[in-house]
Amino acid sequence: MRAEYSPMAWLGIALIAIGAALLLIPYLAERMPELGRLPPIILYVYRKGDLYLATSPILIIASLLALLALVLTRRA
């Protein structure tokens with residue numbers, strides 16, 4: 001028997017997979033120094049002692065734009 005998922009379920013599964021991958025980025029940045037050589041707009045890695053933080057400025061900008069669009073469309 002094959003389960004049929006709705007498009008929203010597939011979106012949820014994709015977002016969970018992307019989130020899990022993003023949680024692994026700091027660990028990978030620590031283990032793979034060449035990952036830190038990506039352009040800073042794609043991946044920004046902050047290293048200080050044993051602390052590794054990694055983020056994607058593109059992802060932050062896209063999230064802020066989506067939030068701004070949501071706020072502006074709700075007011076109209």
# chains A, B, ... in the order shown; residues from 1 in each chain; ligands from 1
$ residues_around --residues "segment 13-30 of chain A" --least-positions-apart "6" --cutoff "9 Å" --atoms "only C-alpha atoms" --output "VMD selection string"
chain A and resid 36 45 47 52 to 55
$ atom_distance --atom1 "atom CA of Pro39 of chain A" --atom2 "atom CA of Ile58 of chain A"
11.1 Å
$ select_by_dssp --residues "chain A" --states "strand (DSSP E)" --output "ChimeraX atom specification"
/A:44-48,51-55
$ select_by_dssp --residues "chain A" --states "helix (DSSP H, G or I)" --output "PyMOL selection string"
chain A and resi 7-31+33-37+57-75
$ write_last_selection --atoms "N, CA and C atoms" --output "short mmCIF file (atom, residue, chain, number, x, y, z; two decimals), in the first residue's frame"
data_model
loop_
_atom_site.label_atom_id
_atom_site.label_comp_id
_atom_site.auth_asym_id
_atom_site.auth_seq_id
_atom_site.Cartn_x
_atom_site.Cartn_y
_atom_site.Cartn_z
N PRO A 7 0.36 18.06 -0.91
CA PRO A 7 1.50 18.95 -1.17
C PRO A 7 2.00 19.64 0.11
N MET A 8 1.12 19.95 1.02
CA MET A 8 1.54 20.58 2.28
C MET A 8 2.36 19.62 3.12
N ALA A 9 2.02 18.34 3.08
CA ALA A 9 2.81 17.34 3.81
C ALA A 9 4.21 17.24 3.21
N TRP A 10 4.30 17.25 1.87
CA TRP A 10 5.61 17.21 1.23
C TRP A 10 6.42 18.46 1.57
N LEU A 11 5.76 19.60 1.63
CA LEU A 11 6.45 20.84 2.00
C LEU A 11 6.99 20.72 3.42
N GLY A 12 6.19 20.18 4.32
CA GLY A 12 6.64 19.99 5.69
C GLY A 12 7.82 19.05 5.79
N ILE A 13 7.78 17.97 5.05
CA ILE A 13 8.88 17.01 5.04
C ILE A 13 10.15 17.67 4.49
N ALA A 14 9.99 18.46 3.43
CA ALA A 14 11.15 19.15 2.84
C ALA A 14 11.73 20.16 3.83
N LEU A 15 10.88 20.90 4.52
CA LEU A 15 11.37 21.88 5.48
C LEU A 15 12.08 21.22 6.65
N ILE A 16 11.58 20.08 7.09
CA ILE A 16 12.25 19.34 8.16
C ILE A 16 13.63 18.87 7.70
N ALA A 17 13.71 18.37 6.47
CA ALA A 17 15.00 17.91 5.93
C ALA A 17 15.98 19.08 5.80
N ILE A 18 15.50 20.22 5.31
CA ILE A 18 16.36 21.40 5.18
C ILE A 18 16.83 21.88 6.56
N GLY A 19 15.92 21.88 7.52
CA GLY A 19 16.28 22.27 8.88
C GLY A 19 17.33 21.36 9.49
N ALA A 20 17.18 20.06 9.28
CA ALA A 20 18.17 19.11 9.79
C ALA A 20 19.53 19.34 9.13
N ALA A 21 19.52 19.62 7.84
CA ALA A 21 20.77 19.90 7.14
C ALA A 21 21.42 21.18 7.66
N LEU A 22 20.61 22.20 7.94
CA LEU A 22 21.15 23.45 8.46
C LEU A 22 21.71 23.28 9.87
N LEU A 23 21.15 22.38 10.64
CA LEU A 23 21.69 22.12 11.98
C LEU A 23 23.06 21.47 11.91
N LEU A 24 23.35 20.78 10.83
CA LEU A 24 24.64 20.12 10.67
C LEU A 24 25.74 21.05 10.16
N ILE A 25 25.39 22.23 9.66
CA ILE A 25 26.39 23.13 9.08
C ILE A 25 27.49 23.51 10.06
N PRO A 26 27.20 23.92 11.31
CA PRO A 26 28.32 24.25 12.21
C PRO A 26 29.24 23.06 12.46
N TYR A 27 28.70 21.88 12.60
CA TYR A 27 29.51 20.68 12.79
C TYR A 27 30.39 20.43 11.57
N LEU A 28 29.81 20.55 10.40
CA LEU A 28 30.58 20.35 9.17
C LEU A 28 31.64 21.43 9.00
N ALA A 29 31.33 22.67 9.38
CA ALA A 29 32.30 23.76 9.26
C ALA A 29 33.49 23.52 10.17
N GLU A 30 33.24 22.92 11.30
CA GLU A 30 34.34 22.61 12.23
C GLU A 30 35.19 21.47 11.69
N ARG A 31 34.56 20.46 11.11
CA ARG A 31 35.27 19.28 10.61
C ARG A 31 35.88 19.48 9.23
N PRO A 33 37.36 22.44 7.13
CA PRO A 33 37.74 23.86 7.02
C PRO A 33 37.51 24.44 5.63
N GLU A 34 37.56 23.62 4.57
CA GLU A 34 37.35 24.16 3.23
C GLU A 34 35.93 24.66 3.03
N LEU A 35 35.00 24.22 3.88
CA LEU A 35 33.62 24.72 3.82
C LEU A 35 33.58 26.21 4.18
N GLY A 36 34.50 26.64 5.01
CA GLY A 36 34.58 28.04 5.41
C GLY A 36 35.10 28.95 4.31
N ARG A 37 35.58 28.38 3.22
CA ARG A 37 36.09 29.19 2.10
C ARG A 37 35.01 29.54 1.09
N PRO A 57 23.68 34.29 5.18
CA PRO A 57 23.06 35.61 5.04
C PRO A 57 21.94 35.64 4.00
N ILE A 58 22.06 34.84 2.94
CA ILE A 58 21.00 34.77 1.94
C ILE A 58 19.71 34.25 2.59
N LEU A 59 19.83 33.24 3.44
CA LEU A 59 18.67 32.69 4.12
C LEU A 59 18.04 33.71 5.07
N ILE A 60 18.87 34.46 5.76
CA ILE A 60 18.36 35.49 6.67
C ILE A 60 17.62 36.58 5.88
N ILE A 61 18.20 37.02 4.78
CA ILE A 61 17.57 38.06 3.95
C ILE A 61 16.25 37.56 3.37
N ALA A 62 16.23 36.32 2.88
CA ALA A 62 15.00 35.75 2.33
C ALA A 62 13.92 35.64 3.41
N SER A 63 14.32 35.26 4.62
CA SER A 63 13.35 35.15 5.72
C SER A 63 12.78 36.52 6.09
N LEU A 64 13.64 37.52 6.14
CA LEU A 64 13.16 38.87 6.47
C LEU A 64 12.23 39.41 5.39
N LEU A 65 12.56 39.15 4.13
CA LEU A 65 11.68 39.60 3.04
C LEU A 65 10.33 38.88 3.08
N ALA A 66 10.34 37.59 3.39
CA ALA A 66 9.08 36.85 3.50
C ALA A 66 8.25 37.37 4.67
N LEU A 67 8.91 37.66 5.79
CA LEU A 67 8.20 38.20 6.94
C LEU A 67 7.63 39.58 6.64
N LEU A 68 8.41 40.40 5.96
CA LEU A 68 7.93 41.74 5.57
C LEU A 68 6.75 41.64 4.63
N ALA A 69 6.80 40.74 3.66
CA ALA A 69 5.69 40.55 2.73
C ALA A 69 4.45 40.07 3.47
N LEU A 70 4.64 39.18 4.43
CA LEU A 70 3.49 38.69 5.22
C LEU A 70 2.85 39.82 6.01
N VAL A 71 3.67 40.61 6.65
CA VAL A 71 3.15 41.73 7.47
C VAL A 71 2.43 42.74 6.58
N LEU A 72 3.01 43.07 5.44
CA LEU A 72 2.40 44.07 4.56
C LEU A 72 1.11 43.58 3.91
N THR A 73 1.02 42.29 3.61
CA THR A 73 -0.22 41.79 3.01
C THR A 73 -1.31 41.60 4.04
N ARG A 74 -0.97 41.42 5.28
CA ARG A 74 -2.00 41.27 6.33
C ARG A 74 -2.64 42.61 6.68
N ARG A 75 -1.91 43.68 6.52
CA ARG A 75 -2.45 45.01 6.85
C ARG A 75 -3.35 45.57 5.76
#
$ decode --residues "segment 23-56 of chain A" --atoms "N, CA, C and O atoms" --output "mmCIF file, in the first residue's frame"
data_model
loop_
_atom_site.group_PDB
_atom_site.id
_atom_site.type_symbol
_atom_site.label_atom_id
_atom_site.label_comp_id
_atom_site.auth_asym_id
_atom_site.auth_seq_id
_atom_site.Cartn_x
_atom_site.Cartn_y
_atom_site.Cartn_z
ATOM 1 N N LEU A 23 21.146 22.376 10.642
ATOM 2 C CA LEU A 23 21.687 22.123 11.980
ATOM 3 C C LEU A 23 23.063 21.470 11.912
ATOM 4 O O LEU A 23 23.867 21.606 12.831
ATOM 5 N N LEU A 24 23.351 20.785 10.826
ATOM 6 C CA LEU A 24 24.642 20.122 10.670
ATOM 7 C C LEU A 24 25.742 21.054 10.164
ATOM 8 O O LEU A 24 26.919 20.712 10.248
ATOM 9 N N ILE A 25 25.390 22.234 9.662
ATOM 10 C CA ILE A 25 26.386 23.129 9.076
ATOM 11 C C ILE A 25 27.495 23.511 10.060
ATOM 12 O O ILE A 25 28.670 23.432 9.700
ATOM 13 N N PRO A 26 27.200 23.917 11.305
ATOM 14 C CA PRO A 26 28.317 24.251 12.209
ATOM 15 C C PRO A 26 29.243 23.059 12.462
ATOM 16 O O PRO A 26 30.462 23.218 12.514
ATOM 17 N N TYR A 27 28.695 21.879 12.596
ATOM 18 C CA TYR A 27 29.509 20.684 12.794
ATOM 19 C C TYR A 27 30.388 20.427 11.571
ATOM 20 O O TYR A 27 31.579 20.145 11.703
ATOM 21 N N LEU A 28 29.811 20.549 10.398
ATOM 22 C CA LEU A 28 30.584 20.351 9.172
ATOM 23 C C LEU A 28 31.644 21.433 8.996
ATOM 24 O O LEU A 28 32.748 21.155 8.519
ATOM 25 N N ALA A 29 31.332 22.672 9.378
ATOM 26 C CA ALA A 29 32.296 23.763 9.261
ATOM 27 C C ALA A 29 33.493 23.523 10.170
ATOM 28 O O ALA A 29 34.625 23.881 9.826
ATOM 29 N N GLU A 30 33.242 22.918 11.305
ATOM 30 C CA GLU A 30 34.336 22.609 12.227
ATOM 31 C C GLU A 30 35.193 21.468 11.690
ATOM 32 O O GLU A 30 36.417 21.491 11.794
ATOM 33 N N ARG A 31 34.560 20.463 11.106
ATOM 34 C CA ARG A 31 35.274 19.278 10.611
ATOM 35 C C ARG A 31 35.880 19.475 9.230
ATOM 36 O O ARG A 31 36.846 18.811 8.886
ATOM 37 N N MET A 32 35.300 20.354 8.443
ATOM 38 C CA MET A 32 35.764 20.564 7.066
ATOM 39 C C MET A 32 36.120 22.039 6.869
ATOM 40 O O MET A 32 35.269 22.842 6.487
ATOM 41 N N PRO A 33 37.363 22.435 7.127
ATOM 42 C CA PRO A 33 37.740 23.863 7.017
ATOM 43 C C PRO A 33 37.511 24.443 5.629
ATOM 44 O O PRO A 33 37.263 25.640 5.500
ATOM 45 N N GLU A 34 37.564 23.621 4.572
ATOM 46 C CA GLU A 34 37.354 24.156 3.226
ATOM 47 C C GLU A 34 35.927 24.657 3.030
ATOM 48 O O GLU A 34 35.661 25.457 2.145
ATOM 49 N N LEU A 35 34.995 24.222 3.882
ATOM 50 C CA LEU A 35 33.621 24.719 3.822
ATOM 51 C C LEU A 35 33.584 26.206 4.177
ATOM 52 O O LEU A 35 32.749 26.946 3.669
ATOM 53 N N GLY A 36 34.502 26.636 5.013
ATOM 54 C CA GLY A 36 34.577 28.041 5.407
ATOM 55 C C GLY A 36 35.097 28.948 4.308
ATOM 56 O O GLY A 36 35.062 30.163 4.435
ATOM 57 N N ARG A 37 35.584 28.384 3.217
ATOM 58 C CA ARG A 37 36.088 29.187 2.105
ATOM 59 C C ARG A 37 35.006 29.543 1.093
ATOM 60 O O ARG A 37 35.289 30.158 0.071
ATOM 61 N N LEU A 38 33.782 29.149 1.350
ATOM 62 C CA LEU A 38 32.680 29.562 0.486
ATOM 63 C C LEU A 38 32.503 31.065 0.612
ATOM 64 O O LEU A 38 32.850 31.654 1.635
ATOM 65 N N PRO A 39 31.959 31.725 -0.403
ATOM 66 C CA PRO A 39 31.730 33.175 -0.288
ATOM 67 C C PRO A 39 30.860 33.500 0.932
ATOM 68 O O PRO A 39 29.911 32.780 1.241
ATOM 69 N N PRO A 40 31.195 34.565 1.655
ATOM 70 C CA PRO A 40 30.470 34.892 2.892
ATOM 71 C C PRO A 40 28.974 35.130 2.694
ATOM 72 O O PRO A 40 28.210 34.985 3.636
ATOM 73 N N ILE A 41 28.540 35.507 1.498
ATOM 74 C CA ILE A 41 27.112 35.719 1.277
ATOM 75 C C ILE A 41 26.364 34.391 1.266
ATOM 76 O O ILE A 41 25.182 34.325 1.585
ATOM 77 N N ILE A 42 27.056 33.291 0.932
ATOM 78 C CA ILE A 42 26.429 31.977 0.917
ATOM 79 C C ILE A 42 26.496 31.344 2.300
ATOM 80 O O ILE A 42 25.499 30.821 2.805
ATOM 81 N N LEU A 43 27.675 31.375 2.913
ATOM 82 C CA LEU A 43 27.857 30.764 4.230
ATOM 83 C C LEU A 43 28.846 31.592 5.026
ATOM 84 O O LEU A 43 29.984 31.797 4.602
ATOM 85 N N TYR A 44 28.406 32.082 6.176
ATOM 86 C CA TYR A 44 29.275 32.842 7.063
ATOM 87 C C TYR A 44 29.586 31.972 8.268
ATOM 88 O O TYR A 44 28.675 31.498 8.949
ATOM 89 N N VAL A 45 30.859 31.739 8.515
ATOM 90 C CA VAL A 45 31.287 30.906 9.643
ATOM 91 C C VAL A 45 32.048 31.793 10.610
ATOM 92 O O VAL A 45 33.021 32.452 10.251
ATOM 93 N N TYR A 46 31.597 31.803 11.882
ATOM 94 C CA TYR A 46 32.253 32.554 12.940
ATOM 95 C C TYR A 46 32.959 31.553 13.843
ATOM 96 O O TYR A 46 32.335 30.633 14.364
ATOM 97 N N ARG A 47 34.259 31.723 13.989
ATOM 98 C CA ARG A 47 35.046 30.836 14.837
ATOM 99 C C ARG A 47 35.713 31.650 15.944
ATOM 100 O O ARG A 47 36.347 32.666 15.671
ATOM 101 N N LYS A 48 35.568 31.199 17.162
ATOM 102 C CA LYS A 48 36.268 31.821 18.287
ATOM 103 C C LYS A 48 36.540 30.717 19.298
ATOM 104 O O LYS A 48 35.609 30.235 19.957
ATOM 105 N N GLY A 49 37.777 30.288 19.378
ATOM 106 C CA GLY A 49 38.135 29.200 20.278
ATOM 107 C C GLY A 49 37.443 27.918 19.846
ATOM 108 O O GLY A 49 37.588 27.463 18.721
ATOM 109 N N ASP A 50 36.669 27.348 20.755
ATOM 110 C CA ASP A 50 35.930 26.114 20.460
ATOM 111 C C ASP A 50 34.514 26.380 19.963
ATOM 112 O O ASP A 50 33.750 25.444 19.768
ATOM 113 N N LEU A 51 34.156 27.643 19.782
ATOM 114 C CA LEU A 51 32.806 28.007 19.353
ATOM 115 C C LEU A 51 32.770 28.176 17.841
ATOM 116 O O LEU A 51 33.557 28.928 17.263
ATOM 117 N N TYR A 52 31.856 27.472 17.203
ATOM 118 C CA TYR A 52 31.641 27.577 15.767
ATOM 119 C C TYR A 52 30.185 27.932 15.524
ATOM 120 O O TYR A 52 29.297 27.203 15.946
ATOM 121 N N LEU A 53 29.955 29.052 14.863
ATOM 122 C CA LEU A 53 28.612 29.436 14.455
ATOM 123 C C LEU A 53 28.616 29.596 12.940
ATOM 124 O O LEU A 53 29.519 30.197 12.375
ATOM 125 N N ALA A 54 27.615 29.054 12.295
ATOM 126 C CA ALA A 54 27.525 29.165 10.839
ATOM 127 C C ALA A 54 26.108 29.571 10.472
ATOM 128 O O ALA A 54 25.137 29.088 11.055
ATOM 129 N N THR A 55 26.006 30.491 9.526
ATOM 130 C CA THR A 55 24.707 30.943 9.068
ATOM 131 C C THR A 55 24.806 31.318 7.590
ATOM 132 O O THR A 55 25.885 31.447 7.046
ATOM 133 N N SER A 56 23.667 31.483 6.999
ATOM 134 C CA SER A 56 23.607 31.892 5.604
ATOM 135 C C SER A 56 22.930 33.258 5.523
ATOM 136 O O SER A 56 21.730 33.374 5.784
#
